[in-house]
Amino acid sequence: MLRVLALVLLLLAGGAAAAHAQSVAIRGADPEAYALDLRYDGHGAGVLAGSERIEFVNRGPAPLDRVWLRLWANGPDRCRPRRIEVQVEAPAVAGSERVRCSALEVRLAAPVAAGARGALSLRFRVQGRRHADRFGRIGGTTLLGNVIPVLAVEDAGGLHLDPYTALGESFYSLAARWDATLRLPTRLRAATTGTLLSESASRKERTLRVRSAQARDFALAIGHLRRRTTQVAGVKIRVHFGPRVDGARRSLRAARRAVRALSKRLGPLGSSELDVVLFREDLGAGSLAGMEYPELVFSLPLAEVVAHEVAHQWWYGMVGNNQFAEPWLDESFAQYSHERLYPGSNFCRPGRPYRLVARRWRRLALDSSMGLFERRAPVAVGDVIYLAGSCALQTLERGIGRSRMTAVLRLLQSRNRYGVITKADVLGAIGEVAPAFDLERWLAVSHLSA
């Protein structure tokens with residue numbers, strides 16, 4: 001994600017589950033499939049309501065008698081007011097809530113044995129927000145990011161119920177198949193995660209059916225949208241834009257360029273469609289510059305922002321990470337990818353990444369968590385995670401060479417496709433591709449802990 005403050009800093013300074021390649025050991029419910037039946041009512045701030053079925057595998061060593069859902073729609077307002085209401089269908093029952101009602105316990109009807117499959121069903125209702133945010137409304141376009149309940153992750157580090165942060169992302173979820181049906185008023189159009197299978201419209205209602213073979217989340221944008229389309233590297237790219245939003249052609253070119261270049265260097269995009277939803281800052285975008293979701297991004301009509309969010313399709317979309325614990329693993333890699341496409345806005349001096357960080361923040365490690373940034377230095381995220389993080393990767397590239405750097409990136413992509421990586425995976429890939437490289441020195445200049 002890019003916030004406007006981070007964007008200003010960049011422009012000033014540099015411009016099925018069993019098939020998962022999972023380096024992180026999952027110890028709980030691993031989703032196999034999500035099925036959604038949704039209906040959107042556009043009155044007021046908008047309401048998204050519907051049903052959801054979640055099928056999962058118990059990857060833990062013991063029977064599983066409960067799972068946790070992340071209700072991120074309750075995050076931005078800290079449950080005041082509550083934005084999502086959930087009704088768990090029998091025979092499972094709802095349990096306790098945690099983390100300002102952004103986490104809900106679901107007690108299963110019977111324990112699911114280790115290695116066995118389970119399922120749960122629920123109904124929910126999301127009340128829209130008028131705030132200019134990834135979950136909100138900008139210039140008449142409703143953005144519905146992180147509003148669909150997803151399974152919380154339990155790995156070797158325990159159950160992850162991290163708090164919501166508006167500073168960046170708190171999100172950590174596992175890839176699964178998604179099938180969705182969306183009904184909305186005929187006068188409106190939608191952009192969503194997934195490939196569009198069919199779209200029909202009657203006098204009063206439009207119906208979309210979409211599917212994604214593997215995605216970590218499901219997001220939507222709804223409004224009086226027009227669109228422009230192109231195709232590259234086997235991917236259909238659609239740019240959606242509402243009234244008074246300019247820059248669609250420019251943004252389409254930027255998305256096409258990014259998909260072509262990143263597919264060539266990192267490997268193919270894992271989906272056949274990619275949607276880009278544009279909004280204008282002067283239409284009330286607040287601090288939001290862009291936000292990534294699987295096969296869908298929200299963005300200002302600026303080429304660098306579009307490229308950054310498209311790069312997240314590889315870094316977090318396909319190769320995932322715990323965005324709260326290790327935000328550099330997706331943001332620094334996405335920033336590096338976009339700065340390589342737009343060198344005119346890249347002021348990195350390889351060898352000295354932290355020269356791009358304000359002096360008062362230079363003691364913050366690159367691999368700091370979002371929790372640490374929230375507590376100590378919210379404004380340092382742009383300097384550290386984006387600028388210094390990208391520059392650290394450019395320093396690595398200068399040290400091992402362009403071809404070996406490409407090999408490292410492709411190894412991370414191929415080995416962890418639709419899985420989850422940690423810093424150890426990055427260091428392991430570097431050691432495998434460039435065993436003679438002075439890794440300890442690179443860690444030191446990059447302010448990464450050993």
# chains A, B, ... in the order shown; residues from 1 in each chain; ligands from 1

call {"tool": "closest_atom_pairs", "arguments": {"of": "region 189-250 of chain A", "to": "region 300-313 of chain A", "cutoff": "12 Å", "atoms": "only C-alpha atoms", "output": "Markdown table"}}
result
| residue | atom | partner | partner_atom | distance |
| --- | --- | --- | --- | --- |
| A:Thr193 | CA | A:Gln313 | CA | 11.5 |
| A:Gln214 | CA | A:Gln313 | CA | 11.9 |
| A:Ala215 | CA | A:Gln313 | CA | 10.1 |
| A:Arg216 | CA | A:Gln313 | CA | 10.8 |
| A:Ile237 | CA | A:Val310 | CA | 10.7 |
| A:Val239 | CA | A:Pro301 | CA | 9.9 |
| A:His240 | CA | A:Pro301 | CA | 10.7 |
| A:Phe241 | CA | A:Pro301 | CA | 9.5 |
| A:Gly242 | CA | A:Pro301 | CA | 11.8 |
| A:Arg244 | CA | A:Pro301 | CA | 11.9 |
| A:Val245 | CA | A:Pro301 | CA | 8.2 |
| A:Asp246 | CA | A:Pro301 | CA | 7.3 |
| A:Gly247 | CA | A:Pro301 | CA | 5.4 |
| A:Ala248 | CA | A:Pro301 | CA | 6.9 |
| A:Arg249 | CA | A:Pro301 | CA | 9.3 |
| A:Arg250 | CA | A:Ala303 | CA | 7.1 |

call {"tool": "closest_atom_pairs", "arguments": {"of": "region 414-443 of chain A", "to": "region 327-351 of chain A", "cutoff": "8 Å", "atoms": "only C-alpha atoms", "output": "CSV"}}
result
residue,atom,partner,partner_atom,distance
A:Ile421,CA,A:Leu329,CA,8.0
A:Thr422,CA,A:Leu329,CA,7.4
A:Lys423,CA,A:Leu329,CA,7.3

call {"tool": "residues_around", "arguments": {"residues": "Pro81 (chain A)", "least_positions_apart": "5", "cutoff": "12 Å", "atoms": "only C-alpha atoms", "output": "NGL selection string"}}
result
:A and (73-76 or 100-101 or 126-129)

call {"tool": "write_last_selection", "arguments": {"atoms": "all heavy atoms", "output": "short mmCIF file (atom, residue, chain, number, x, y, z; two decimals), in the first residue's frame"}}
result
data_model
loop_
_atom_site.label_atom_id
_atom_site.label_comp_id
_atom_site.auth_asym_id
_atom_site.auth_seq_id
_atom_site.Cartn_x
_atom_site.Cartn_y
_atom_site.Cartn_z
N ALA A 73 -13.26 -5.48 8.68
CA ALA A 73 -14.17 -4.35 8.47
C ALA A 73 -14.38 -3.56 9.76
O ALA A 73 -14.71 -2.37 9.72
CB ALA A 73 -15.51 -4.83 7.92
N ASN A 74 -14.21 -4.21 10.91
CA ASN A 74 -14.34 -3.52 12.19
C ASN A 74 -13.05 -2.82 12.62
O ASN A 74 -13.03 -2.16 13.67
CB ASN A 74 -14.76 -4.50 13.29
CG ASN A 74 -16.22 -4.89 13.19
OD1 ASN A 74 -17.03 -4.13 12.69
ND2 ASN A 74 -16.55 -6.09 13.65
N GLY A 75 -12.00 -2.96 11.83
CA GLY A 75 -10.71 -2.40 12.22
C GLY A 75 -10.58 -0.90 12.14
O GLY A 75 -10.12 -0.26 13.10
N PRO A 76 -10.93 -0.27 11.01
CA PRO A 76 -10.66 1.17 10.86
C PRO A 76 -11.29 2.04 11.95
O PRO A 76 -10.69 3.02 12.38
CB PRO A 76 -11.24 1.49 9.48
CG PRO A 76 -11.22 0.20 8.74
CD PRO A 76 -11.47 -0.85 9.77
N ARG A 100 -10.67 -5.58 19.58
CA ARG A 100 -11.69 -4.59 19.22
C ARG A 100 -12.65 -5.13 18.17
O ARG A 100 -12.91 -4.50 17.15
CB ARG A 100 -11.03 -3.28 18.75
CG ARG A 100 -10.25 -2.56 19.85
CD ARG A 100 -9.70 -1.25 19.34
NE ARG A 100 -8.92 -0.57 20.35
CZ ARG A 100 -9.41 0.31 21.23
NH1 ARG A 100 -10.70 0.60 21.21
NH2 ARG A 100 -8.62 0.91 22.10
N CYS A 101 -13.11 -6.31 18.40
CA CYS A 101 -14.06 -7.08 17.57
C CYS A 101 -13.60 -7.27 16.13
O CYS A 101 -14.42 -7.44 15.24
CB CYS A 101 -15.47 -6.51 17.65
SG CYS A 101 -15.81 -4.95 16.84
N VAL A 126 -22.20 -5.93 5.96
CA VAL A 126 -21.19 -4.89 6.09
C VAL A 126 -21.83 -3.54 5.80
O VAL A 126 -22.37 -3.32 4.71
CB VAL A 126 -20.00 -5.11 5.13
CG1 VAL A 126 -19.00 -3.97 5.24
CG2 VAL A 126 -19.34 -6.45 5.41
N GLN A 127 -21.77 -2.65 6.78
CA GLN A 127 -22.25 -1.28 6.59
C GLN A 127 -21.11 -0.43 6.05
O GLN A 127 -20.03 -0.38 6.64
CB GLN A 127 -22.74 -0.71 7.92
CG GLN A 127 -23.20 0.73 7.85
CD GLN A 127 -24.42 0.92 6.97
OE1 GLN A 127 -25.43 0.25 7.16
NE2 GLN A 127 -24.31 1.80 5.98
N GLY A 128 -21.33 0.23 4.92
CA GLY A 128 -20.27 1.01 4.29
C GLY A 128 -19.82 2.20 5.11
O GLY A 128 -20.47 2.61 6.07
N ARG A 129 -18.69 2.76 4.72
CA ARG A 129 -18.11 3.94 5.38
C ARG A 129 -18.02 5.07 4.36
O ARG A 129 -17.74 4.83 3.18
CB ARG A 129 -16.71 3.64 5.91
CG ARG A 129 -16.62 2.50 6.89
CD ARG A 129 -15.18 2.16 7.22
NE ARG A 129 -14.54 3.13 8.11
CZ ARG A 129 -13.41 3.75 7.86
NH1 ARG A 129 -12.78 3.56 6.70
NH2 ARG A 129 -12.89 4.60 8.73
#

call {"tool": "atom_distance", "arguments": {"atom1": "CA of Ala132 (chain A)", "atom2": "CA of Arg211 (chain A)"}}
result
27.8 Å

call {"tool": "closest_residue", "arguments": {"among": "A:Leu372, A:Ile430, A:Ala49, A:Met1", "to": "Pro149 (chain A)", "atoms": "only C-alpha atoms"}}
result
A:Ala49

call {"tool": "residues_around", "arguments": {"residues": "Ser198 (chain A)", "least_positions_apart": "2", "cutoff": "6 Å", "atoms": "only C-alpha atoms", "output": "ChimeraX atom specification"}}
result
/A:196,208-209

call {"tool": "write_last_selection", "arguments": {"atoms": "N, CA and C atoms", "output": "short mmCIF file (atom, residue, chain, number, x, y, z; two decimals), in the first residue's frame"}}
result
data_model
loop_
_atom_site.label_atom_id
_atom_site.label_comp_id
_atom_site.auth_asym_id
_atom_site.auth_seq_id
_atom_site.Cartn_x
_atom_site.Cartn_y
_atom_site.Cartn_z
N LEU A 196 -13.66 -12.82 -14.27
CA LEU A 196 -15.09 -12.70 -14.55
C LEU A 196 -15.54 -13.87 -15.41
N LEU A 208 -22.88 -10.74 -11.35
CA LEU A 208 -21.53 -11.14 -11.75
C LEU A 208 -21.17 -12.45 -11.07
N ARG A 209 -20.47 -13.29 -11.80
CA ARG A 209 -19.91 -14.51 -11.22
C ARG A 209 -18.42 -14.51 -11.52
#

call {"tool": "select_by_dssp", "arguments": {"residues": "region 230-363 of chain A", "states": "alpha helix (DSSP H)", "output": "ChimeraX atom specification"}}
result
/A:248-266,303-311,328-341

call {"tool": "residues_around", "arguments": {"residues": "Ser96 (chain A)", "least_positions_apart": "3", "cutoff": "10 Å", "atoms": "only C-alpha atoms", "output": "PyMOL selection string"}}
result
chain A and resi 68+101+103-107

call {"tool": "write_last_selection", "arguments": {"atoms": "all heavy atoms", "output": "tab-separated table (two decimals), in the first residue's frame"}}
result
chain	number	residue	atom	x	y	z
A	68	TRP	N	-10.60	-19.13	14.14
A	68	TRP	CA	-10.80	-17.70	14.32
A	68	TRP	C	-10.96	-17.03	12.97
A	68	TRP	O	-10.26	-17.37	12.01
A	68	TRP	CB	-9.62	-17.07	15.07
A	68	TRP	CG	-9.63	-17.39	16.54
A	68	TRP	CD1	-9.15	-18.52	17.13
A	68	TRP	CD2	-10.16	-16.57	17.59
A	68	TRP	NE1	-9.34	-18.46	18.49
A	68	TRP	CE2	-9.96	-17.27	18.81
A	68	TRP	CE3	-10.77	-15.32	17.63
A	68	TRP	CZ2	-10.35	-16.75	20.04
A	68	TRP	CZ3	-11.16	-14.80	18.85
A	68	TRP	CH2	-10.95	-15.51	20.04
A	101	CYS	N	-13.11	-6.31	18.40
A	101	CYS	CA	-14.06	-7.08	17.57
A	101	CYS	C	-13.60	-7.27	16.13
A	101	CYS	O	-14.42	-7.44	15.24
A	101	CYS	CB	-15.47	-6.51	17.65
A	101	CYS	SG	-15.81	-4.95	16.84
A	103	ALA	N	-11.61	-9.84	15.53
A	103	ALA	CA	-11.37	-11.29	15.51
A	103	ALA	C	-12.53	-11.99	16.20
A	103	ALA	O	-12.95	-11.59	17.29
A	103	ALA	CB	-10.06	-11.63	16.21
A	104	LEU	N	-13.07	-13.02	15.57
A	104	LEU	CA	-14.21	-13.76	16.10
A	104	LEU	C	-13.88	-15.24	16.18
A	104	LEU	O	-13.47	-15.86	15.19
A	104	LEU	CB	-15.44	-13.56	15.20
A	104	LEU	CG	-16.68	-14.40	15.55
A	104	LEU	CD1	-17.24	-13.99	16.91
A	104	LEU	CD2	-17.73	-14.27	14.45
A	105	GLU	N	-14.08	-15.82	17.36
A	105	GLU	CA	-13.90	-17.25	17.56
A	105	GLU	C	-15.14	-17.99	17.05
A	105	GLU	O	-16.26	-17.56	17.26
A	105	GLU	CB	-13.72	-17.51	19.06
A	105	GLU	CG	-13.60	-18.97	19.44
A	105	GLU	CD	-13.66	-19.16	20.94
A	105	GLU	OE1	-14.45	-18.44	21.60
A	105	GLU	OE2	-12.93	-20.03	21.44
A	106	VAL	N	-14.90	-19.10	16.34
A	106	VAL	CA	-15.99	-19.97	15.90
A	106	VAL	C	-15.73	-21.36	16.46
A	106	VAL	O	-14.70	-21.99	16.15
A	106	VAL	CB	-16.10	-20.03	14.36
A	106	VAL	CG1	-17.20	-21.00	13.95
A	106	VAL	CG2	-16.36	-18.65	13.79
A	107	ARG	N	-16.66	-21.84	17.29
A	107	ARG	CA	-16.53	-23.17	17.88
A	107	ARG	C	-17.20	-24.17	16.96
A	107	ARG	O	-18.39	-24.05	16.65
A	107	ARG	CB	-17.16	-23.18	19.27
A	107	ARG	CG	-16.47	-22.24	20.24
A	107	ARG	CD	-17.24	-22.08	21.52
A	107	ARG	NE	-16.62	-21.05	22.36
A	107	ARG	CZ	-17.22	-20.50	23.42
A	107	ARG	NH1	-18.45	-20.88	23.74
A	107	ARG	NH2	-16.60	-19.59	24.13

call {"tool": "closest_residue", "arguments": {"among": "A:Gln87, A:Thr406, A:Ser173, A:Thr395", "to": "Leu120 (chain A)", "atoms": "only C-alpha atoms"}}
result
A:Gln87

call {"tool": "atom_distance", "arguments": {"atom1": "CA of Arg98 (chain A)", "atom2": "CA of Ala152 (chain A)"}}
result
12.1 Å

call {"tool": "closest_residue", "arguments": {"among": "A:Ser403, A:Val259, A:Leu188, A:Glu199", "to": "Arg226 (chain A)", "atoms": "only C-alpha atoms"}}
result
A:Leu188
